$ cat start22.csv   # CSV, N, CA and C atoms
chain,number,residue,atom,x,y,z
A,1,MET,N,0.0,-30.9,63.1
A,1,MET,CA,0.9,-30.2,62.2
A,1,MET,C,1.0,-28.8,62.6
A,2,PRO,N,2.1,-28.3,63.1
A,2,PRO,CA,2.2,-26.9,63.5
A,2,PRO,C,2.3,-26.0,62.3
A,3,SER,N,1.8,-24.8,62.5
A,3,SER,CA,1.9,-23.7,61.4
A,3,SER,C,2.2,-22.4,62.1
A,4,TYR,N,2.3,-21.4,61.3
A,4,TYR,CA,2.5,-20.0,61.8
A,4,TYR,C,1.9,-19.0,61.0
A,5,VAL,N,1.7,-17.8,61.5
A,5,VAL,CA,1.3,-16.6,60.8
A,5,VAL,C,2.4,-15.6,60.9
A,6,LEU,N,2.9,-15.2,59.8
A,6,LEU,CA,3.9,-14.1,59.7
A,6,LEU,C,3.1,-12.8,59.5
A,7,ILE,N,3.4,-11.8,60.3
A,7,ILE,CA,2.7,-10.5,60.2
A,7,ILE,C,3.7,-9.5,59.6
A,8,LEU,N,3.2,-8.9,58.4
A,8,LEU,CA,4.1,-8.0,57.7
A,8,LEU,C,3.3,-6.6,57.6
A,9,PHE,N,4.1,-5.5,57.5
A,9,PHE,CA,3.5,-4.2,57.3
A,9,PHE,C,4.1,-3.6,56.1
A,10,ASN,N,3.1,-3.0,55.3
A,10,ASN,CA,3.5,-2.3,54.1
A,10,ASN,C,3.1,-0.8,54.2
A,11,GLU,N,4.1,0.0,54.1
A,11,GLU,CA,3.9,1.5,54.4
A,11,GLU,C,3.2,2.2,53.2
A,12,ILE,N,3.6,1.8,52.0
A,12,ILE,CA,3.1,2.5,50.8
A,12,ILE,C,2.6,1.6,49.8
A,13,GLU,N,1.7,2.1,48.9
A,13,GLU,CA,1.2,1.2,47.8
A,13,GLU,C,2.4,0.9,46.9
A,14,ARG,N,2.5,-0.3,46.5
A,14,ARG,CA,3.6,-0.7,45.6
A,14,ARG,C,3.2,-2.0,44.8
A,15,GLU,N,4.0,-2.3,43.8
A,15,GLU,CA,3.9,-3.5,43.1
A,15,GLU,C,5.2,-4.3,43.3
A,16,ILE,N,5.1,-5.6,43.5
A,16,ILE,CA,6.3,-6.4,43.7
A,16,ILE,C,6.2,-7.6,42.8
A,17,ALA,N,7.3,-7.9,42.1
A,17,ALA,CA,7.3,-9.1,41.2
A,17,ALA,C,7.5,-10.3,42.2
A,18,VAL,N,6.5,-11.2,42.1
A,18,VAL,CA,6.5,-12.4,43.0
A,18,VAL,C,6.6,-13.6,42.2
A,19,GLY,N,7.8,-14.0,41.8
A,19,GLY,CA,8.1,-15.2,41.0
A,19,GLY,C,7.1,-15.4,39.9
A,20,ARG,N,6.6,-16.6,39.8
A,20,ARG,CA,5.6,-16.9,38.7
A,20,ARG,C,4.3,-16.3,38.8
A,21,LEU,N,4.0,-15.7,40.0
A,21,LEU,CA,2.7,-15.0,40.1
A,21,LEU,C,2.7,-13.7,39.3
A,22,GLY,N,3.9,-13.2,39.0
A,22,GLY,CA,4.1,-11.9,38.3
A,22,GLY,C,4.0,-10.8,39.3
A,23,ARG,N,3.6,-9.6,38.8
A,23,ARG,CA,3.5,-8.4,39.6
A,23,ARG,C,2.3,-8.4,40.4
A,24,VAL,N,2.4,-8.2,41.7
A,24,VAL,CA,1.3,-8.2,42.6
A,24,VAL,C,1.2,-6.8,43.3
A,25,LYS,N,0.0,-6.2,43.4
A,25,LYS,CA,-0.2,-4.9,44.0
A,25,LYS,C,-0.4,-5.1,45.5
A,26,PHE,N,0.4,-4.3,46.3
A,26,PHE,CA,0.3,-4.3,47.7
A,26,PHE,C,-0.2,-3.0,48.2
A,27,LEU,N,-1.3,-2.9,48.9
A,27,LEU,CA,-1.8,-1.7,49.5
A,27,LEU,C,-1.1,-1.4,50.8
A,28,PRO,N,-1.2,-0.2,51.3
A,28,PRO,CA,-0.7,0.1,52.6
A,28,PRO,C,-1.5,-0.7,53.7
A,29,GLY,N,-0.8,-1.3,54.6
A,29,GLY,CA,-1.6,-2.0,55.7
A,29,GLY,C,-0.8,-3.2,56.1
A,30,TYR,N,-1.5,-4.2,56.6
A,30,TYR,CA,-0.9,-5.4,57.2
A,30,TYR,C,-1.2,-6.6,56.3
A,31,TYR,N,-0.3,-7.5,56.2
A,31,TYR,CA,-0.4,-8.8,55.5
A,31,TYR,C,-0.1,-9.9,56.4
A,32,TYR,N,-0.8,-11.0,56.3
A,32,TYR,CA,-0.7,-12.1,57.2
A,32,TYR,C,-0.5,-13.3,56.3
A,33,TYR,N,0.7,-13.9,56.5
A,33,TYR,CA,1.1,-15.1,55.7
A,33,TYR,C,1.1,-16.3,56.5
A,34,VAL,N,0.4,-17.3,56.0
A,34,VAL,CA,0.3,-18.6,56.7
A,34,VAL,C,1.2,-19.6,56.1
A,35,GLY,N,2.1,-20.2,57.0
A,35,GLY,CA,3.0,-21.2,56.6
A,35,GLY,C,3.1,-22.4,57.5
A,36,SER,N,3.8,-23.4,57.0
A,36,SER,CA,3.9,-24.6,57.7
A,36,SER,C,5.2,-24.6,58.6
A,37,ALA,N,5.1,-25.0,59.8
A,37,ALA,CA,6.2,-25.0,60.7
A,37,ALA,C,6.6,-26.5,61.0
A,38,ASN,N,6.3,-27.4,60.0
A,38,ASN,CA,6.6,-28.8,60.2
A,38,ASN,C,8.1,-29.0,60.3
A,39,SER,N,8.9,-28.2,59.7
A,39,SER,CA,10.4,-28.4,59.7
A,39,SER,C,11.0,-27.6,60.8
A,40,GLY,N,10.2,-27.0,61.7
A,40,GLY,CA,10.7,-26.3,62.9
A,40,GLY,C,10.7,-24.8,62.7
A,41,VAL,N,11.2,-24.1,63.8
A,41,VAL,CA,11.1,-22.6,63.8
A,41,VAL,C,12.1,-22.0,62.9
A,42,HIS,N,13.1,-22.7,62.4
A,42,HIS,CA,14.1,-22.1,61.5
A,42,HIS,C,13.5,-21.5,60.3
A,43,ARG,N,12.3,-22.1,59.8
A,43,ARG,CA,11.6,-21.5,58.7
A,43,ARG,C,11.1,-20.1,59.0
A,44,VAL,N,10.5,-20.0,60.2
A,44,VAL,CA,10.0,-18.7,60.7
A,44,VAL,C,11.2,-17.7,60.8
A,45,LYS,N,12.3,-18.1,61.4
A,45,LYS,CA,13.4,-17.2,61.6
A,45,LYS,C,13.9,-16.7,60.2
A,46,ARG,N,13.9,-17.6,59.2
A,46,ARG,CA,14.3,-17.2,57.9
A,46,ARG,C,13.6,-16.0,57.3
A,47,HIS,N,12.4,-15.8,57.6
A,47,HIS,CA,11.6,-14.7,57.1
A,47,HIS,C,12.1,-13.4,57.7
A,48,PHE,N,12.8,-13.4,58.8
A,48,PHE,CA,13.3,-12.1,59.4
A,48,PHE,C,14.6,-11.7,58.8
A,49,SER,N,15.2,-12.5,57.9
A,49,SER,CA,16.5,-12.2,57.3
A,49,SER,C,16.2,-11.5,56.0
A,50,MET,N,17.0,-10.4,55.8
A,50,MET,CA,16.9,-9.7,54.6
A,50,MET,C,17.6,-10.3,53.4
A,51,GLN,N,18.7,-11.1,53.7
A,51,GLN,CA,19.5,-11.8,52.7
A,51,GLN,C,19.1,-13.2,52.6
A,52,LYS,N,18.3,-13.6,51.6
A,52,LYS,CA,18.0,-15.0,51.4
A,52,LYS,C,17.7,-15.3,50.0
A,53,ARG,N,17.9,-16.6,49.6
A,53,ARG,CA,17.6,-17.0,48.3
A,53,ARG,C,16.0,-17.0,48.1
A,54,LYS,N,15.6,-16.5,47.0
A,54,LYS,CA,14.1,-16.4,46.7
A,54,LYS,C,13.6,-17.8,46.2
A,55,ARG,N,13.0,-18.5,47.1
A,55,ARG,CA,12.5,-19.8,46.9
A,55,ARG,C,11.0,-19.9,46.9
A,56,TRP,N,10.4,-19.3,47.8
A,56,TRP,CA,8.9,-19.3,47.9
A,56,TRP,C,8.3,-17.9,47.7
A,57,HIS,N,7.0,-17.8,47.4
A,57,HIS,CA,6.4,-16.5,47.2
A,57,HIS,C,6.7,-15.5,48.3
A,58,ILE,N,6.7,-16.0,49.5
A,58,ILE,CA,6.9,-15.1,50.7
A,58,ILE,C,8.3,-14.5,50.7
A,59,ASP,N,9.2,-15.2,50.1
A,59,ASP,CA,10.6,-14.6,50.0
A,59,ASP,C,10.7,-13.3,49.2
A,60,TYR,N,9.8,-13.2,48.2
A,60,TYR,CA,9.8,-12.0,47.4
A,60,TYR,C,9.3,-10.8,48.1
A,61,ILE,N,8.5,-10.9,49.1
A,61,ILE,CA,7.9,-9.8,49.8
A,61,ILE,C,8.5,-9.6,51.2
A,62,SER,N,9.0,-10.6,51.9
A,62,SER,CA,9.5,-10.5,53.2
A,62,SER,C,10.8,-9.7,53.3
A,63,SER,N,11.5,-9.5,52.2
A,63,SER,CA,12.7,-8.7,52.2
A,63,SER,C,12.4,-7.3,51.8
A,64,ILE,N,11.1,-7.0,51.4
A,64,ILE,CA,10.7,-5.6,51.1
A,64,ILE,C,9.7,-5.0,52.1
A,65,LEU,N,8.7,-5.8,52.5
A,65,LEU,CA,7.8,-5.3,53.5
A,65,LEU,C,8.5,-5.5,54.9
A,66,GLN,N,8.0,-4.8,55.9
A,66,GLN,CA,8.5,-4.9,57.2
A,66,GLN,C,7.9,-6.1,58.0
A,67,VAL,N,8.7,-7.1,58.3
A,67,VAL,CA,8.3,-8.3,59.1
A,67,VAL,C,8.2,-7.8,60.6
A,68,ILE,N,7.0,-7.8,61.1
A,68,ILE,CA,6.8,-7.3,62.5
A,68,ILE,C,6.6,-8.4,63.5
A,69,GLY,N,6.3,-9.6,63.1
A,69,GLY,CA,6.2,-10.7,64.1
A,69,GLY,C,5.6,-12.0,63.5
A,70,ALA,N,5.6,-13.0,64.4
A,70,ALA,CA,5.0,-14.3,63.9
A,70,ALA,C,4.3,-14.9,65.1
A,71,VAL,N,3.3,-15.7,64.8
A,71,VAL,CA,2.5,-16.4,65.8
A,71,VAL,C,2.6,-17.9,65.4
A,72,LEU,N,3.0,-18.7,66.3
A,72,LEU,CA,3.0,-20.2,66.1
A,72,LEU,C,1.7,-20.8,66.6
A,73,THR,N,1.2,-21.8,65.9
A,73,THR,CA,0.0,-22.4,66.3
A,73,THR,C,0.1,-23.9,66.2
A,74,HIS,N,-0.9,-24.6,66.7
A,74,HIS,CA,-0.9,-26.1,66.6
A,74,HIS,C,-1.8,-26.5,65.4
A,75,HIS,N,-2.5,-25.5,64.8
A,75,HIS,CA,-3.4,-25.8,63.7
A,75,HIS,C,-2.6,-26.2,62.4
A,76,SER,N,-3.2,-27.0,61.5
A,76,SER,CA,-2.5,-27.2,60.2
A,76,SER,C,-2.5,-25.9,59.4
A,77,GLU,N,-1.6,-25.9,58.4
A,77,GLU,CA,-1.5,-24.7,57.6
A,77,GLU,C,-2.8,-24.3,56.9
A,78,CYS,N,-3.5,-25.3,56.3
A,78,CYS,CA,-4.8,-25.0,55.6
A,78,CYS,C,-5.9,-24.6,56.6
A,79,GLU,N,-5.9,-25.3,57.7
A,79,GLU,CA,-6.9,-25.0,58.8
A,79,GLU,C,-6.7,-23.5,59.3
A,80,LEU,N,-5.5,-23.1,59.5
A,80,LEU,CA,-5.2,-21.8,59.9
A,80,LEU,C,-5.6,-20.8,58.8
A,81,ALA,N,-5.3,-21.1,57.5
A,81,ALA,CA,-5.6,-20.2,56.4
A,81,ALA,C,-7.1,-20.0,56.4
A,82,SER,N,-7.9,-21.0,56.7
A,82,SER,CA,-9.4,-20.9,56.7
A,82,SER,C,-9.9,-19.9,57.7
A,83,LYS,N,-9.1,-19.6,58.7
A,83,LYS,CA,-9.5,-18.6,59.8
A,83,LYS,C,-9.5,-17.2,59.3
A,84,PHE,N,-8.9,-17.0,58.1
A,84,PHE,CA,-8.8,-15.6,57.5
A,84,PHE,C,-9.9,-15.3,56.5
A,85,SER,N,-11.1,-16.0,56.7
A,85,SER,CA,-12.2,-15.8,55.7
A,85,SER,C,-12.7,-14.3,55.7
A,86,GLY,N,-12.5,-13.6,56.7
A,86,GLY,CA,-13.0,-12.2,56.7
A,86,GLY,C,-11.9,-11.2,56.2
A,87,PHE,N,-10.8,-11.7,55.8
A,87,PHE,CA,-9.7,-10.9,55.2
A,87,PHE,C,-9.7,-11.0,53.7
A,88,GLN,N,-9.0,-10.0,53.1
A,88,GLN,CA,-8.9,-10.0,51.6
A,88,GLN,C,-7.7,-10.9,51.2
A,89,PRO,N,-8.0,-12.0,50.5
A,89,PRO,CA,-6.9,-12.9,50.1
A,89,PRO,C,-6.2,-12.4,48.9
A,90,ILE,N,-4.9,-12.6,48.9
A,90,ILE,CA,-4.0,-12.4,47.7
A,90,ILE,C,-4.0,-13.7,46.9
A,91,LEU,N,-4.9,-13.8,45.9
A,91,LEU,CA,-5.1,-15.1,45.3
A,91,LEU,C,-3.9,-15.8,44.8
A,92,HIS,N,-3.9,-17.1,45.1
A,92,HIS,CA,-2.9,-18.1,44.7
A,92,HIS,C,-1.5,-17.9,45.3
A,93,PHE,N,-1.4,-17.0,46.3
A,93,PHE,CA,-0.1,-16.7,47.0
A,93,PHE,C,0.2,-17.8,48.0
A,94,GLY,N,1.3,-18.5,47.8
A,94,GLY,CA,1.8,-19.4,48.8
A,94,GLY,C,1.0,-20.7,49.0
A,95,CYS,N,0.1,-21.0,48.0
A,95,CYS,CA,-0.7,-22.2,48.2
A,95,CYS,C,-0.7,-23.1,47.0
A,96,SER,N,0.5,-23.2,46.3
A,96,SER,CA,0.5,-24.0,45.1
A,96,SER,C,0.5,-25.5,45.4
A,97,ASP,N,0.7,-25.9,46.7
A,97,ASP,CA,0.7,-27.3,47.0
A,97,ASP,C,-0.6,-27.8,47.8
A,98,CYS,N,-1.6,-26.9,47.7
A,98,CYS,CA,-2.9,-27.3,48.4
A,98,CYS,C,-4.1,-26.7,47.6
A,99,LYS,N,-5.3,-26.8,48.1
A,99,LYS,CA,-6.5,-26.3,47.4
A,99,LYS,C,-7.0,-25.0,47.9
A,100,CYS,N,-6.2,-24.4,48.8
A,100,CYS,CA,-6.6,-23.1,49.4
A,100,CYS,C,-6.6,-22.0,48.3
A,101,ARG,N,-7.4,-21.0,48.5
A,101,ARG,CA,-7.4,-19.8,47.6
A,101,ARG,C,-6.1,-19.0,47.8
A,102,SER,N,-5.6,-18.9,49.0
A,102,SER,CA,-4.5,-18.1,49.3
A,102,SER,C,-3.9,-18.5,50.7
A,103,HIS,N,-2.6,-18.2,50.9
A,103,HIS,CA,-2.0,-18.2,52.2
A,103,HIS,C,-1.5,-16.9,52.6
A,104,LEU,N,-1.9,-15.8,51.9
A,104,LEU,CA,-1.6,-14.4,52.2
A,104,LEU,C,-2.8,-13.6,52.2
A,105,PHE,N,-3.0,-12.8,53.3
A,105,PHE,CA,-4.3,-12.1,53.5
A,105,PHE,C,-3.9,-10.7,53.9
A,106,TYR,N,-4.8,-9.7,53.5
A,106,TYR,CA,-4.6,-8.3,53.7
A,106,TYR,C,-5.6,-7.7,54.6
A,107,SER,N,-5.2,-6.8,55.5
A,107,SER,CA,-6.1,-6.0,56.3
A,107,SER,C,-5.5,-4.6,56.4
A,108,PRO,N,-6.3,-3.6,56.3
A,108,PRO,CA,-5.8,-2.2,56.4
A,108,PRO,C,-5.3,-1.9,57.8
A,109,THR,N,-5.8,-2.7,58.8
A,109,THR,CA,-5.4,-2.4,60.2
A,109,THR,C,-4.8,-3.7,60.8
A,110,LEU,N,-4.1,-3.5,61.8
A,110,LEU,CA,-3.5,-4.6,62.6
A,110,LEU,C,-4.6,-5.3,63.4
A,111,THR,N,-4.7,-6.6,63.3
A,111,THR,CA,-5.6,-7.3,64.1
A,111,THR,C,-5.1,-8.7,64.4
A,112,LEU,N,-5.5,-9.3,65.5
A,112,LEU,CA,-5.1,-10.6,65.8
A,112,LEU,C,-6.4,-11.5,66.0
A,113,GLU,N,-7.5,-11.1,65.4
A,113,GLU,CA,-8.7,-11.8,65.5
A,113,GLU,C,-8.7,-13.2,65.0
A,114,PHE,N,-7.7,-13.5,64.2
A,114,PHE,CA,-7.6,-14.9,63.7
A,114,PHE,C,-7.3,-15.8,64.8
A,115,LEU,N,-6.7,-15.3,65.9
A,115,LEU,CA,-6.3,-16.2,67.0
A,115,LEU,C,-7.5,-16.7,67.8
A,116,SER,N,-8.6,-15.9,67.8
A,116,SER,CA,-9.8,-16.3,68.5
A,116,SER,C,-10.8,-17.1,67.7
A,117,ALA,N,-10.6,-17.1,66.4
A,117,ALA,CA,-11.6,-17.8,65.5
A,117,ALA,C,-11.4,-19.3,65.6

$ encode --input "start22.csv" --output "C-alpha coordinates"
Amino acid sequence: MPSYVLILFNEIEREIAVGRLGRVKFLPGYYYYVGSANSGVHRVKRHFSMQKRKRWHIDYISSILQVIGAVLTHHSECELASKFSGFQPILHFGCSDCKCRSHLFYSPTLTLEFLSA
(Lines of atoms letter the chains of each structure in order from A and count residues from 1; the text may use other names and numbers.)
(Lines give C-alpha, C1' and ligand atoms only; values in the text may rest on other atoms or scores of the structure.)
Protein backbone atom coordinates (compact mmCIF):
# COMPACT_ATOMS: atom_id res chain seq x y z
CA MET A 1 0.00 0.00 0.00
CA PRO A 2 1.84 3.14 -1.13
CA SER A 3 1.74 6.32 0.91
CA TYR A 4 3.34 9.75 0.92
CA VAL A 5 4.57 12.51 3.18
CA LEU A 6 3.58 16.03 2.23
CA ILE A 7 6.03 18.61 3.61
CA LEU A 8 4.62 22.03 4.45
CA PHE A 9 6.18 25.20 5.84
CA ASN A 10 4.47 27.68 8.15
CA GLU A 11 6.17 31.07 8.40
CA ILE A 12 4.20 32.62 11.28
CA GLU A 13 2.21 31.45 14.30
CA ARG A 14 -1.45 31.22 13.33
CA GLU A 15 -4.73 29.46 14.02
CA ILE A 16 -6.59 27.76 11.21
CA ALA A 17 -10.15 26.43 11.27
CA VAL A 18 -9.80 22.76 10.26
CA GLY A 19 -13.28 21.35 9.61
CA ARG A 20 -14.70 19.44 12.57
CA LEU A 21 -11.38 19.63 14.44
CA GLY A 22 -12.09 23.31 15.00
CA ARG A 23 -9.36 25.92 15.36
CA VAL A 24 -5.85 24.46 15.41
CA LYS A 25 -2.73 26.41 16.40
CA PHE A 26 0.21 26.18 13.98
CA LEU A 27 3.66 27.24 15.12
CA PRO A 28 6.34 28.49 12.73
CA GLY A 29 8.20 25.53 11.26
CA TYR A 30 7.61 22.40 9.23
CA TYR A 31 4.63 20.08 9.10
CA TYR A 32 4.65 16.55 7.73
CA TYR A 33 1.35 15.09 6.59
CA VAL A 34 1.07 11.34 5.95
CA GLY A 35 -1.47 10.26 3.36
CA SER A 36 -2.47 7.26 1.32
CA ALA A 37 -1.40 7.08 -2.33
CA ASN A 38 -3.61 4.07 -3.10
CA SER A 39 -5.54 6.07 -5.67
CA GLY A 40 -2.37 7.27 -7.40
CA VAL A 41 -0.27 10.39 -7.48
CA HIS A 42 -3.18 12.66 -8.44
CA ARG A 43 -3.97 12.86 -4.70
CA VAL A 44 -0.47 14.21 -4.06
CA LYS A 45 -0.73 16.67 -6.97
CA ARG A 46 -4.03 17.94 -5.55
CA HIS A 47 -2.23 19.25 -2.45
CA PHE A 48 -0.16 21.62 -4.59
CA SER A 49 -3.32 23.33 -5.91
CA MET A 50 -4.53 26.47 -4.14
CA GLN A 51 -8.09 26.10 -5.47
CA LYS A 52 -9.75 22.92 -4.22
CA ARG A 53 -12.86 21.82 -2.42
CA LYS A 54 -12.20 21.34 1.29
CA ARG A 55 -12.83 17.65 1.79
CA TRP A 56 -10.10 16.40 4.14
CA HIS A 57 -8.29 18.00 7.10
CA ILE A 58 -5.19 18.59 4.96
CA ASP A 59 -7.24 20.68 2.48
CA TYR A 60 -7.78 23.33 5.16
CA ILE A 61 -4.06 23.92 5.66
CA SER A 62 -2.46 23.09 2.30
CA SER A 63 -4.00 26.19 0.74
CA ILE A 64 -2.60 28.39 3.56
CA LEU A 65 0.77 26.87 4.47
CA GLN A 66 3.48 26.59 1.82
CA VAL A 67 3.61 23.11 0.29
CA ILE A 68 7.30 22.51 -0.37
CA GLY A 69 7.42 18.89 -1.46
CA ALA A 70 6.26 15.32 -1.17
CA VAL A 71 7.96 11.96 -0.71
CA LEU A 72 6.33 8.76 -1.99
CA THR A 73 7.00 5.50 -0.14
CA HIS A 74 6.05 1.85 -0.32
CA HIS A 75 5.01 1.80 3.37
CA SER A 76 1.37 1.77 4.41
CA GLU A 77 -0.07 5.06 5.65
CA CYS A 78 -0.18 4.02 9.32
CA GLU A 79 3.24 2.35 9.17
CA LEU A 80 4.68 5.59 7.79
CA ALA A 81 2.90 7.67 10.47
CA SER A 82 4.54 5.50 13.15
CA LYS A 83 7.96 6.64 11.89
CA PHE A 84 7.19 10.13 13.23
CA SER A 85 7.28 9.10 16.90
CA GLY A 86 9.96 11.73 17.64
CA PHE A 87 7.85 14.54 16.19
CA GLN A 88 5.05 16.51 17.83
CA PRO A 89 1.69 15.11 16.61
CA ILE A 90 -1.24 17.37 15.84
CA LEU A 91 -3.77 15.13 17.57
CA HIS A 92 -6.60 13.57 15.56
CA PHE A 93 -5.50 15.28 12.33
CA GLY A 94 -6.12 13.20 9.20
CA CYS A 95 -6.63 9.90 10.98
CA SER A 96 -10.39 9.56 11.44
CA ASP A 97 -10.40 6.23 9.58
CA CYS A 98 -7.67 4.50 11.63
CA LYS A 99 -6.34 4.14 15.20
CA CYS A 100 -3.32 6.46 14.80
CA ARG A 101 -2.99 9.48 17.08
CA SER A 102 -2.30 11.71 14.10
CA HIS A 103 -1.20 11.88 10.48
CA LEU A 104 0.20 15.42 10.84
CA PHE A 105 3.46 16.08 12.67
CA TYR A 106 5.38 19.23 13.57
CA SER A 107 9.09 20.02 13.69
CA PRO A 108 10.66 23.47 14.14
CA THR A 109 13.33 22.48 11.60
CA LEU A 110 13.32 20.74 8.24
CA THR A 111 14.36 17.11 8.52
CA LEU A 112 14.03 13.98 6.45
CA GLU A 113 14.98 11.60 9.28
CA PHE A 114 11.70 9.73 8.83
CA LEU A 115 13.14 8.32 5.59
CA SER A 116 15.86 6.41 7.43
CA ALA A 117 13.73 5.14 10.31

$ residues_around --input "start22.csv" --residues "Thr111 (chain A)" --least-positions-apart "2" --cutoff "12 Å" --atoms "only C-alpha atoms" --output "ChimeraX atom specification"
/A:7-9,29-32,84,86-87,105-109,113-116

$ closest_residue --input "start22.csv" --among "A:Ser102, A:Ser36, A:Ser85, A:Gln51" --to "Met1 (chain A)" --atoms "only N, CA and C atoms"
A:Ser36

$ select_by_dssp --input "start22.csv" --residues "chain A" --states "strand (DSSP E or B)" --output "VMD selection string"
chain A and resid 3 to 10 14 to 18 22 to 26 29 to 36 66 to 73 88 to 89 104 to 107

$ select_by_dssp --input "start22.csv" --residues "region 30-117 of chain A" --states "helix (DSSP H, G or I)" --output "list of chain:residue names"
A:His42, A:Arg43, A:Val44, A:Lys45, A:Arg46, A:His47, A:His57, A:Ile58, A:Asp59, A:Tyr60, A:Ile61, A:Ser62, A:Glu77, A:Cys78, A:Glu79, A:Leu80, A:Ala81, A:Ser82, A:Glu113, A:Phe114, A:Leu115

$ closest_residue --input "start22.csv" --among "A:Cys98, A:Ile12, A:Ile90, A:Leu21" --to "His57 (chain A)" --atoms "all atoms listed in the file"
A:Leu21

$ atom_distance --input "start22.csv" --atom1 "CA of Glu77 (chain A)" --atom2 "CA of Arg23 (chain A)"
24.8 Å

$ atom_distance --input "start22.csv" --atom1 "CA of Leu65 (chain A)" --atom2 "CA of Asn38 (chain A)"
24.5 Å

$ residues_around --input "start22.csv" --residues "Met50 (chain A)" --least-positions-apart "2" --cutoff "5 Å" --atoms "only N, CA and C atoms" --output "ChimeraX atom specification"
/A:48,52,63

$ closest_residue --input "start22.csv" --among "A:Cys78, A:Ala17, A:Leu104, A:Val34" --to "Leu91 (chain A)" --atoms "all atoms listed in the file"
A:Leu104

$ atom_distance --input "start22.csv" --atom1 "CA of Arg55 (chain A)" --atom2 "CA of Lys83 (chain A)"
25.5 Å

$ closest_residue --input "start22.csv" --among "A:Ile64, A:Ile16, A:Leu72, A:Cys100" --to "Ser3 (chain A)" --atoms "only N, CA and C atoms"
A:Leu72

$ closest_residue --input "start22.csv" --among "A:His47, A:Arg14, A:His103, A:His75" --to "Tyr33 (chain A)" --atoms "only C-alpha atoms"
A:His103
